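Enquirer: Input structure: input16.json, which contains JSON, C-alpha atoms and all ligand atoms.
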[["chain", "number", "residue", "atom", "x", "y", "z"],
["A", 10, "MET", "CA", 1.03, 18.21, -0.30],
["A", 11, "GLN", "CA", 2.47, 21.71, -0.46],
["A", 12, "GLU", "CA", 2.56, 23.14, 3.09],
["A", 13, "LYS", "CA", 1.66, 26.76, 3.60],
["A", 14, "VAL", "CA", 4.31, 28.62, 5.57],
["A", 15, "ILE", "CA", 2.72, 30.67, 8.35],
["A", 16, "ILE", "CA", 5.90, 31.78, 10.15],
["A", 17, "SER", "CA", 9.26, 32.31, 8.57],
["A", 18, "VAL", "CA", 12.35, 33.27, 10.54],
["A", 19, "ASN", "CA", 15.47, 34.19, 8.61],
["A", 20, "ASP", "CA", 18.90, 34.57, 10.15],
["A", 21, "LEU", "CA", 17.56, 35.75, 13.51],
["A", 22, "ILE", "CA", 20.17, 37.19, 15.86],
["A", 23, "LYS", "CA", 19.65, 38.40, 19.41],
["A", 24, "ASN", "CA", 22.40, 40.00, 21.45],
["A", 25, "TYR", "CA", 22.02, 40.82, 25.12],
["A", 26, "GLY", "CA", 24.86, 43.30, 25.56],
["A", 27, "ASP", "CA", 27.91, 41.49, 24.23],
["A", 28, "PHE", "CA", 26.37, 38.05, 24.80],
["A", 29, "GLN", "CA", 24.82, 36.51, 21.69],
["A", 30, "ALA", "CA", 21.84, 34.42, 22.82],
["A", 31, "VAL", "CA", 20.48, 33.64, 19.32],
["A", 32, "LYS", "CA", 23.11, 33.16, 16.64],
["A", 33, "GLY", "CA", 21.48, 33.46, 13.25],
["A", 34, "ILE", "CA", 18.70, 30.87, 13.20],
["A", 35, "SER", "CA", 16.29, 30.22, 10.32],
["A", 36, "PHE", "CA", 13.19, 28.06, 10.27],
["A", 37, "GLU", "CA", 9.66, 27.90, 8.93],
["A", 38, "VAL", "CA", 6.47, 26.85, 10.66],
["A", 39, "HIS", "CA", 3.70, 25.34, 8.53],
["A", 40, "GLU", "CA", 0.08, 26.29, 8.91],
["A", 41, "GLY", "CA", -1.80, 23.83, 11.12],
["A", 42, "GLU", "CA", 1.20, 22.03, 12.54],
["A", 43, "ILE", "CA", 2.49, 21.67, 16.08],
["A", 44, "PHE", "CA", 6.07, 22.87, 15.91],
["A", 45, "GLY", "CA", 8.39, 22.17, 18.84],
["A", 46, "LEU", "CA", 11.41, 24.18, 19.91],
["A", 47, "LEU", "CA", 13.60, 21.87, 21.97],
["A", 48, "GLY", "CA", 16.88, 22.54, 23.68],
["A", 49, "PRO", "CA", 18.64, 22.82, 27.03],
["A", 50, "ASN", "CA", 18.01, 25.72, 29.42],
["A", 51, "GLY", "CA", 19.56, 28.89, 28.06],
["A", 52, "ALA", "CA", 19.52, 27.67, 24.44],
["A", 53, "GLY", "CA", 17.49, 30.70, 23.31],
["A", 54, "LYS", "CA", 14.00, 29.19, 22.95],
["A", 55, "SER", "CA", 12.06, 31.76, 24.97],
["A", 56, "THR", "CA", 14.02, 34.62, 23.43],
["A", 57, "THR", "CA", 13.12, 33.36, 19.96],
["A", 58, "LEU", "CA", 9.44, 32.92, 20.84],
["A", 59, "GLU", "CA", 9.16, 36.32, 22.49],
["A", 60, "ILE", "CA", 10.70, 38.01, 19.45],
["A", 61, "ILE", "CA", 8.15, 36.36, 17.15],
["A", 62, "GLU", "CA", 5.42, 37.32, 19.61],
["A", 63, "THR", "CA", 6.55, 40.96, 19.20],
["A", 64, "LEU", "CA", 7.30, 41.13, 22.93],
["A", 65, "ARG", "CA", 11.08, 41.44, 22.57],
["A", 66, "GLU", "CA", 13.31, 43.37, 20.14],
["A", 67, "LYS", "CA", 15.55, 41.38, 17.83],
["A", 68, "THR", "CA", 19.06, 42.45, 16.98],
["A", 69, "SER", "CA", 18.77, 41.45, 13.30],
["A", 70, "GLY", "CA", 17.06, 39.05, 10.95],
["A", 71, "LYS", "CA", 13.77, 38.92, 9.09],
["A", 72, "ILE", "CA", 10.52, 37.49, 10.41],
["A", 73, "TYR", "CA", 7.17, 37.09, 8.67],
["A", 74, "VAL", "CA", 4.01, 35.92, 10.43],
["A", 75, "ASP", "CA", 1.10, 35.02, 8.16],
["A", 76, "GLY", "CA", 2.57, 37.31, 5.52],
["A", 77, "PHE", "CA", 3.07, 40.26, 7.88],
["A", 78, "ASP", "CA", 6.57, 41.68, 8.19],
["A", 79, "LEU", "CA", 7.40, 41.94, 11.90],
["A", 80, "ASP", "CA", 9.33, 45.15, 11.32],
["A", 81, "GLU", "CA", 6.36, 46.91, 9.74],
["A", 82, "SER", "CA", 3.20, 45.21, 10.94],
["A", 83, "SER", "CA", 3.66, 44.07, 14.53],
["A", 84, "ASN", "CA", 0.13, 45.24, 15.37],
["A", 85, "ASP", "CA", -1.34, 43.01, 12.67],
["A", 86, "ILE", "CA", 0.70, 40.13, 14.03],
["A", 87, "LYS", "CA", -0.53, 40.74, 17.60],
["A", 88, "LYS", "CA", -4.12, 40.34, 16.40],
["A", 89, "ILE", "CA", -3.66, 36.85, 14.98],
["A", 90, "ILE", "CA", -1.50, 35.27, 17.67],
["A", 91, "GLY", "CA", -2.30, 33.93, 21.13],
["A", 92, "VAL", "CA", 0.26, 34.34, 23.86],
["A", 93, "GLN", "CA", 0.19, 32.99, 27.41],
["A", 94, "LEU", "CA", -0.02, 35.91, 29.80],
["A", 95, "GLN", "CA", 2.13, 36.04, 32.88],
["A", 96, "SER", "CA", 0.04, 34.67, 35.75],
["A", 97, "SER", "CA", 0.86, 37.85, 37.70],
["A", 98, "GLY", "CA", -1.69, 39.50, 35.40],
["A", 99, "TYR", "CA", -4.48, 37.31, 36.83],
["A", 100, "TYR", "CA", -6.01, 39.83, 39.25],
["A", 101, "PRO", "CA", -6.42, 37.84, 42.47],
["A", 102, "GLY", "CA", -9.89, 39.21, 43.28],
["A", 103, "LEU", "CA", -11.50, 38.00, 40.04],
["A", 104, "ASN", "CA", -12.83, 34.55, 39.24],
["A", 105, "LEU", "CA", -12.15, 32.73, 35.96],
["A", 106, "THR", "CA", -15.32, 33.98, 34.26],
["A", 107, "GLU", "CA", -14.54, 37.58, 35.22],
["A", 108, "LEU", "CA", -10.92, 37.22, 34.07],
["A", 109, "ILE", "CA", -12.01, 35.96, 30.64],
["A", 110, "ILE", "CA", -14.45, 38.86, 30.26],
["A", 111, "LEU", "CA", -11.69, 41.26, 31.28],
["A", 112, "PHE", "CA", -9.18, 39.80, 28.81],
["A", 113, "GLY", "CA", -11.84, 39.72, 26.10],
["A", 114, "GLY", "CA", -12.29, 43.45, 26.68],
["A", 115, "LEU", "CA", -8.55, 44.00, 26.28],
["A", 116, "TYR", "CA", -8.69, 42.25, 22.91],
["A", 117, "ASN", "CA", -11.95, 43.99, 22.03],
["A", 118, "GLU", "CA", -13.41, 40.54, 21.55],
["A", 119, "LYS", "CA", -16.79, 39.18, 22.70],
["A", 120, "VAL", "CA", -16.23, 35.80, 24.32],
["A", 121, "ASP", "CA", -18.53, 33.31, 25.94],
["A", 122, "PRO", "CA", -16.61, 32.48, 29.14],
["A", 123, "ILE", "CA", -18.42, 29.20, 29.80],
["A", 124, "GLN", "CA", -17.83, 27.95, 26.26],
["A", 125, "LEU", "CA", -14.16, 28.86, 26.49],
["A", 126, "LEU", "CA", -13.80, 27.23, 29.92],
["A", 127, "ASP", "CA", -15.49, 24.15, 28.44],
["A", 128, "THR", "CA", -12.79, 23.92, 25.77],
["A", 129, "VAL", "CA", -10.19, 23.50, 28.50],
["A", 130, "ASN", "CA", -12.35, 21.39, 30.82],
["A", 131, "LEU", "CA", -12.76, 24.07, 33.48],
["A", 132, "ARG", "CA", -16.49, 24.75, 33.36],
["A", 133, "ASP", "CA", -16.78, 23.55, 36.97],
["A", 134, "LYS", "CA", -14.28, 26.19, 38.02],
["A", 135, "ALA", "CA", -16.05, 29.16, 36.42],
["A", 136, "LYS", "CA", -16.52, 30.83, 39.81],
["A", 137, "ALA", "CA", -13.11, 29.86, 41.23],
["A", 138, "LYS", "CA", -10.16, 32.21, 41.51],
["A", 139, "PHE", "CA", -6.92, 31.47, 39.68],
["A", 140, "LYS", "CA", -4.97, 30.91, 42.90],
["A", 141, "GLU", "CA", -7.44, 28.20, 43.94],
["A", 142, "LEU", "CA", -6.60, 26.03, 40.91],
["A", 143, "SER", "CA", -4.23, 23.06, 40.80],
["A", 144, "GLY", "CA", -1.09, 23.28, 38.65],
["A", 145, "GLY", "CA", -2.73, 21.51, 35.72],
["A", 146, "GLN", "CA", -5.86, 23.65, 35.95],
["A", 147, "LYS", "CA", -3.76, 26.81, 36.03],
["A", 148, "GLN", "CA", -2.02, 25.74, 32.83],
["A", 149, "ARG", "CA", -5.32, 24.89, 31.17],
["A", 150, "PHE", "CA", -6.70, 28.28, 32.11],
["A", 151, "SER", "CA", -3.59, 29.95, 30.82],
["A", 152, "ILE", "CA", -4.03, 28.10, 27.50],
["A", 153, "ALA", "CA", -7.66, 29.22, 27.42],
["A", 154, "THR", "CA", -6.51, 32.84, 27.63],
["A", 155, "THR", "CA", -4.39, 32.34, 24.49],
["A", 156, "LEU", "CA", -7.59, 31.44, 22.60],
["A", 157, "ILE", "CA", -9.63, 34.53, 23.51],
["A", 158, "ASN", "CA", -8.88, 36.44, 20.30],
["A", 159, "LYS", "CA", -9.44, 33.33, 18.13],
["A", 160, "PRO", "CA", -5.83, 33.34, 16.99],
["A", 161, "LYS", "CA", -4.34, 31.56, 13.99],
["A", 162, "ILE", "CA", -1.22, 30.69, 15.95],
["A", 163, "ILE", "CA", -0.64, 30.08, 19.67],
["A", 164, "PHE", "CA", 2.66, 30.08, 21.52],
["A", 165, "LEU", "CA", 3.15, 27.80, 24.52],
["A", 166, "ASP", "CA", 6.42, 28.12, 26.43],
["A", 167, "GLU", "CA", 6.93, 25.02, 28.61],
["A", 168, "PRO", "CA", 3.21, 24.58, 29.33],
["A", 169, "THR", "CA", 3.69, 21.22, 31.06],
["A", 170, "THR", "CA", 6.73, 21.91, 33.20],
["A", 171, "GLY", "CA", 6.07, 20.82, 36.78],
["A", 172, "LEU", "CA", 2.83, 18.98, 36.03],
["A", 173, "ASP", "CA", 2.11, 15.42, 37.15],
["A", 174, "PRO", "CA", 1.90, 12.69, 34.47],
["A", 175, "GLN", "CA", -1.90, 12.79, 34.24],
["A", 176, "ALA", "CA", -2.12, 16.55, 34.00],
["A", 177, "ARG", "CA", 0.55, 16.41, 31.31],
["A", 178, "ARG", "CA", -1.44, 13.90, 29.27],
["A", 179, "ASN", "CA", -4.52, 15.99, 29.73],
["A", 180, "LEU", "CA", -2.73, 19.00, 28.26],
["A", 181, "TRP", "CA", -1.59, 16.88, 25.31],
["A", 182, "ASP", "CA", -5.23, 16.13, 24.50],
["A", 183, "LEU", "CA", -6.09, 19.79, 24.87],
["A", 184, "ILE", "CA", -3.27, 20.92, 22.58],
["A", 185, "LYS", "CA", -4.13, 18.27, 19.98],
["A", 186, "GLY", "CA", -7.72, 19.47, 20.10],
["A", 187, "ILE", "CA", -6.65, 23.05, 19.46],
["A", 188, "GLN", "CA", -4.59, 21.88, 16.48],
["A", 189, "SER", "CA", -7.51, 19.85, 15.14],
["A", 190, "ARG", "CA", -9.57, 23.03, 14.96],
["A", 191, "GLY", "CA", -6.98, 24.49, 12.59],
["A", 192, "THR", "CA", -4.75, 26.49, 14.92],
["A", 193, "THR", "CA", -1.00, 26.39, 14.48],
["A", 194, "VAL", "CA", 0.87, 25.68, 17.72],
["A", 195, "ILE", "CA", 4.46, 26.49, 18.65],
["A", 196, "ILE", "CA", 5.55, 24.85, 21.85],
["A", 197, "THR", "CA", 8.70, 24.47, 23.91],
["A", 198, "THR", "CA", 9.21, 21.51, 26.21],
["A", 199, "HIS", "CA", 11.94, 19.62, 28.03],
["A", 200, "TYR", "CA", 9.97, 16.36, 27.78],
["A", 201, "MET", "CA", 11.02, 14.39, 24.74],
["A", 202, "ASP", "CA", 8.15, 11.90, 25.05],
["A", 203, "GLU", "CA", 5.83, 14.87, 24.84],
["A", 204, "ALA", "CA", 7.58, 16.34, 21.81],
["A", 205, "GLU", "CA", 7.47, 12.94, 20.12],
["A", 206, "MET", "CA", 3.77, 12.57, 20.87],
["A", 207, "LEU", "CA", 2.66, 16.08, 19.97],
["A", 208, "CYS", "CA", 4.95, 17.71, 17.45],
["A", 209, "ASN", "CA", 4.74, 17.32, 13.66],
["A", 210, "ARG", "CA", 8.22, 18.81, 13.45],
["A", 211, "VAL", "CA", 10.81, 19.97, 15.94],
["A", 212, "ALA", "CA", 13.88, 22.18, 15.85],
["A", 213, "ILE", "CA", 16.60, 21.38, 18.36],
["A", 214, "ILE", "CA", 18.41, 24.52, 19.50],
["A", 215, "ASP", "CA", 21.71, 24.49, 21.36],
["A", 216, "SER", "CA", 23.60, 27.62, 22.39],
["A", 217, "GLY", "CA", 21.60, 29.82, 20.04],
["A", 218, "LYS", "CA", 21.93, 27.60, 16.96],
["A", 219, "ILE", "CA", 19.58, 25.10, 15.35],
["A", 220, "ILE", "CA", 21.42, 21.80, 15.27],
["A", 221, "ALA", "CA", 18.62, 19.62, 13.86],
["A", 222, "MET", "CA", 15.17, 20.11, 12.40],
["A", 223, "ALA", "CA", 12.71, 17.50, 11.11],
["A", 224, "SER", "CA", 9.81, 15.35, 12.27],
["A", 225, "PRO", "CA", 10.52, 13.36, 15.45],
["A", 226, "ASP", "CA", 10.21, 10.16, 13.39],
["A", 227, "LYS", "CA", 12.83, 11.31, 10.87],
["A", 228, "LEU", "CA", 15.27, 12.40, 13.59],
["A", 229, "ILE", "CA", 14.93, 9.04, 15.35],
["A", 230, "ASP", "CA", 15.32, 7.08, 12.09],
["A", 231, "ASP", "CA", 18.41, 9.11, 11.19],
["A", 232, "LEU", "CA", 19.96, 8.35, 14.57],
["A", 233, "VAL", "CA", 19.24, 4.63, 14.26],
["A", 234, "GLU", "CA", 20.62, 4.61, 10.72],
["A", 235, "SER", "CA", 23.83, 6.21, 11.96],
["A", 236, "GLY", "CA", 24.44, 3.02, 13.98],
["A", 237, "PHE", "CA", 23.10, 4.20, 17.32],
["A", 238, "GLU", "CA", 21.94, 1.48, 19.67],
["A", 239, "LYS", "CA", 20.32, 1.81, 23.04],
["A", 240, "PRO", "CA", 22.87, 0.79, 25.67],
["A", 241, "LYS", "CA", 20.58, -1.66, 27.46],
["A", 242, "GLU", "CA", 17.60, -3.85, 26.80],
["A", 243, "VAL", "CA", 14.42, -1.82, 26.81],
["A", 244, "LYS", "CA", 11.57, -3.19, 28.91],
["A", 245, "GLN", "CA", 7.99, -3.32, 27.67],
["A", 246, "ALA", "CA", 7.02, -0.61, 30.15],
["A", 247, "ASN", "CA", 8.65, 2.06, 32.26],
["A", 248, "LEU", "CA", 7.96, 3.59, 35.67],
["A", 249, "GLU", "CA", 5.72, 6.25, 34.14],
["A", 250, "ASP", "CA", 3.57, 3.46, 32.67],
["A", 251, "VAL", "CA", 3.36, 1.93, 36.15],
["A", 252, "PHE", "CA", 2.33, 5.27, 37.62],
["A", 253, "ILE", "CA", -0.36, 5.93, 35.02],
["A", 254, "ASN", "CA", -1.59, 2.36, 35.26],
["A", 255, "LEU", "CA", -1.94, 2.56, 39.04],
["A", 256, "THR", "CA", -3.39, 6.03, 39.35],
["A", 257, "GLY", "CA", -5.54, 6.15, 36.24],
["A", 258, "LYS", "CA", -5.48, 8.29, 33.16],
["A", 259, "HIS", "CA", -8.51, 10.35, 34.07],
["A", 260, "LEU", "CA", -8.42, 13.88, 35.41],
["A", 261, "ARG", "CA", -7.64, 13.71, 39.09],
["A", 262, "GLU", "CA", -7.05, 17.21, 40.23],
["A", 263, "GLU", "CA", -10.08, 18.11, 42.26],
["B", 301, "LIG", "P1", 15.70, 29.16, 26.97],
["B", 301, "LIG", "O1", 14.28, 29.64, 26.90],
["B", 301, "LIG", "O2", 16.08, 28.26, 25.84],
["B", 301, "LIG", "O3", 16.02, 28.53, 28.29],
["B", 301, "LIG", "P2", 16.37, 31.98, 26.94],
["B", 301, "LIG", "O4", 15.92, 32.48, 25.62],
["B", 301, "LIG", "O5", 15.53, 32.29, 28.11],
["B", 301, "LIG", "O6", 16.66, 30.43, 26.82],
["B", 301, "LIG", "O7", 17.82, 32.54, 27.22],
["B", 301, "LIG", "C1", 18.88, 32.42, 26.29],
["B", 301, "LIG", "C2", 20.12, 33.05, 26.89],
["B", 301, "LIG", "O8", 19.94, 34.46, 26.95],
["B", 301, "LIG", "C3", 20.45, 32.59, 28.30],
["B", 301, "LIG", "O9", 21.84, 32.51, 28.42],
["B", 301, "LIG", "C4", 19.89, 33.70, 29.15],
["B", 301, "LIG", "O10", 20.62, 33.81, 30.35],
["B", 301, "LIG", "C5", 20.10, 34.92, 28.27],
["B", 301, "LIG", "N1", 19.08, 35.95, 28.52],
["B", 301, "LIG", "C6", 17.74, 35.80, 28.42],
["B", 301, "LIG", "N2", 17.10, 36.97, 28.68],
["B", 301, "LIG", "C7", 18.06, 37.88, 28.95],
["B", 301, "LIG", "C8", 18.05, 39.27, 29.29],
["B", 301, "LIG", "N3", 16.90, 39.95, 29.39],
["B", 301, "LIG", "N4", 19.24, 39.87, 29.49],
["B", 301, "LIG", "C9", 20.40, 39.20, 29.36],
["B", 301, "LIG", "N5", 20.49, 37.89, 29.04],
["B", 301, "LIG", "C10", 19.34, 37.22, 28.84],
["B", 302, "MG", "MG", 12.71, 29.42, 28.25]]
Would you put the structure from the file into structure tokens?
Ligand code: ADP
Ligand code: MG

Expert:
Amino acid sequence: MQEKVIISVNDLIKNYGDFQAVKGISFEVHEGEIFGLLGPNGAGKSTTLEIIETLREKTSGKIYVDGFDLDESSNDIKKIIGVQLQSSGYYPGLNLTELIILFGGLYNEKVDPIQLLDTVNLRDKAKAKFKELSGGQKQRFSIATTLINKPKIIFLDEPTTGLDPQARRNLWDLIKGIQSRGTTVIITTHYMDEAEMLCNRVAIIDSGKIIAMASPDKLIDDLVESGFEKPKEVKQANLEDVFINLTGKHLREE
């Protein structure tokens, strides 16, 4: 099947003063996929995402989002993407319903707060304030805010960092659900199990350069084919399996 390209990045460079954080990277994201940007801290993932999100200036390179040229049509791009807002923007006096109505107003978009909260399993918290939520609930709410303008593409920068294993799994289901409704997802994560589980394709970035890009399956097969062997016998389960088995897979945040 011919994939439709929804984001194309060509030879992107970003300099901060005389430090080059992104060193001429190129990649394409296909419509409807979950695309992962992986790489150590400081690799240039957030810089790359924020440039595509029109929130940061690039130094050079060409970027197209759903056919729009970033240099000419950043306002058109803003309308079709969903970006996680900084939590500092979550006015402390407002509850989740009021926040969604407020953000909807910013996007000039009529939203049904309860329906949106339902999508992220937070209907019970409609009257709660952001600061009263657990870590997992905060992330789910933050993902809900990316969906307010019914975007074609959402950007998630380390959405599961710091979450417990159950909350992490819960977000995986949520992100898969968003994909299944046709939205393209770009995500960064430091958890390789998560990338393997969620992403159709990943790009691995190191020091501002893409050093590998393919499906997780293909990257693993290539490594095995190169003669790689795990240094020790792998058990049938690991400590995370023990944890999930003991504490349950269900939502346990309240
Ligand atoms: P990642 O998200 O992969 O951890 P970043 O894109 O945040 O990486 O950062 C890439 C590099 O650029 C890092 O070395 C970081 O210190 C540097 N950097 C990021 N933002 C700025 C900035 N505003 N000014 C100067 N250097 C920055
Ligand atoms: Mg980052």

Enquirer: For ligand LIG 301 (chain B), return the neighbouring residues as a PyMOL selection string (distance at most 10 Å; all atoms listed in the file).

Expert: chain A and resi 23-31+46-60+65+166-167+197-199+214-217

Enquirer: Just give me the gap between atom CA of A:Val194 and atom CA of A:Asp85 in Å, one decimal is fine.

Expert: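 So the answer is 18.2 Å.
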
Enquirer: Expressed in Å to a single decimal, how great is the separation between atom CA of A:Val129 and atom CA of A:Trp181?

Expert: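 Pair atom CA of A:Val129 / atom CA of A:Trp181 returns 11.3 Å.
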
Enquirer: Atom CA of A:Tyr73 and atom CA of A:Ile15 are how many Å apart?

Expert: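 Interatomic distance here is 7.8 Å.
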
Enquirer: Ranking A:Gly236, A:Gly70, A:Gly144, A:Gly91 by minimum distance to A:Leu172 and counting all atoms listed in the file, which one comes first?

Expert: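 Checking each of A:Gly236, A:Gly70, A:Gly144, A:Gly91 against A:Leu172, counting all atoms listed in the file, the winner is A:Gly144.
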
Enquirer: Which polymer residues have any atom within 9 Å of an atom of A:Ile163, counting all atoms listed in the file, with same-chain residues fewer than 6 positions away left out, as a PyMOL selection string?

Expert: chain A and resi 89-93+152+155-156+192-196

Enquirer: Using all atoms listed in the file, which of A:Asn117, A:Ser17, A:Asn84, A:Ser224 sits nearest A:Lys159?

Expert: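 Of all the options, A:Asn117 lies closest to A:Lys159.
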
Enquirer: Report as a ChimeraX atom specification all protein, DNA and RNA residues lying within 7 Å of A:Lys136, evaluated on all atoms listed in the file, omitting residues in the same chain fewer than 6 positions from it.

Expert: /A:104-106

Enquirer: How would the residues just chosen look if you wrote them out with C-alpha atoms as an mmCIF file, in the coordinates of the input?

Expert:
data_model
loop_
_atom_site.group_PDB
_atom_site.id
_atom_site.type_symbol
_atom_site.label_atom_id
_atom_site.label_comp_id
_atom_site.auth_asym_id
_atom_site.auth_seq_id
_atom_site.Cartn_x
_atom_site.Cartn_y
_atom_site.Cartn_z
ATOM 1 C CA ASN A 104 -12.830 34.550 39.240
ATOM 2 C CA LEU A 105 -12.150 32.730 35.960
ATOM 3 C CA THR A 106 -15.320 33.980 34.260
#

Enquirer: Considering only C-alpha atoms and all ligand atoms, can you say which of A:Leu165, A:Ala223, A:Val120, A:Ile184 comes closest to ligand MG 302 (chain B)?

Expert: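 Using only C-alpha atoms and all ligand atoms, ligand MG 302 (chain B) sits closest to A:Leu165.
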
Enquirer: For a quick check of understanding, using only C-alpha atoms and all ligand atoms, which of A:Gly145, A:Gly33, A:Gly76, A:Pro168 has the smallest distance to ligand MG 302 (chain B)?

Expert: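 For ligand MG 302 (chain B), the nearest of the given residues is A:Pro168.
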
Enquirer: Find the residue from A:Thr154, A:Gln245, A:Ser83, A:Thr170 that sits nearest to ligand MG 302 (chain B); use all atoms listed in the file when measuring.

Expert: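 Among the listed residues, the smallest separation from ligand MG 302 (chain B) belongs to A:Thr170.
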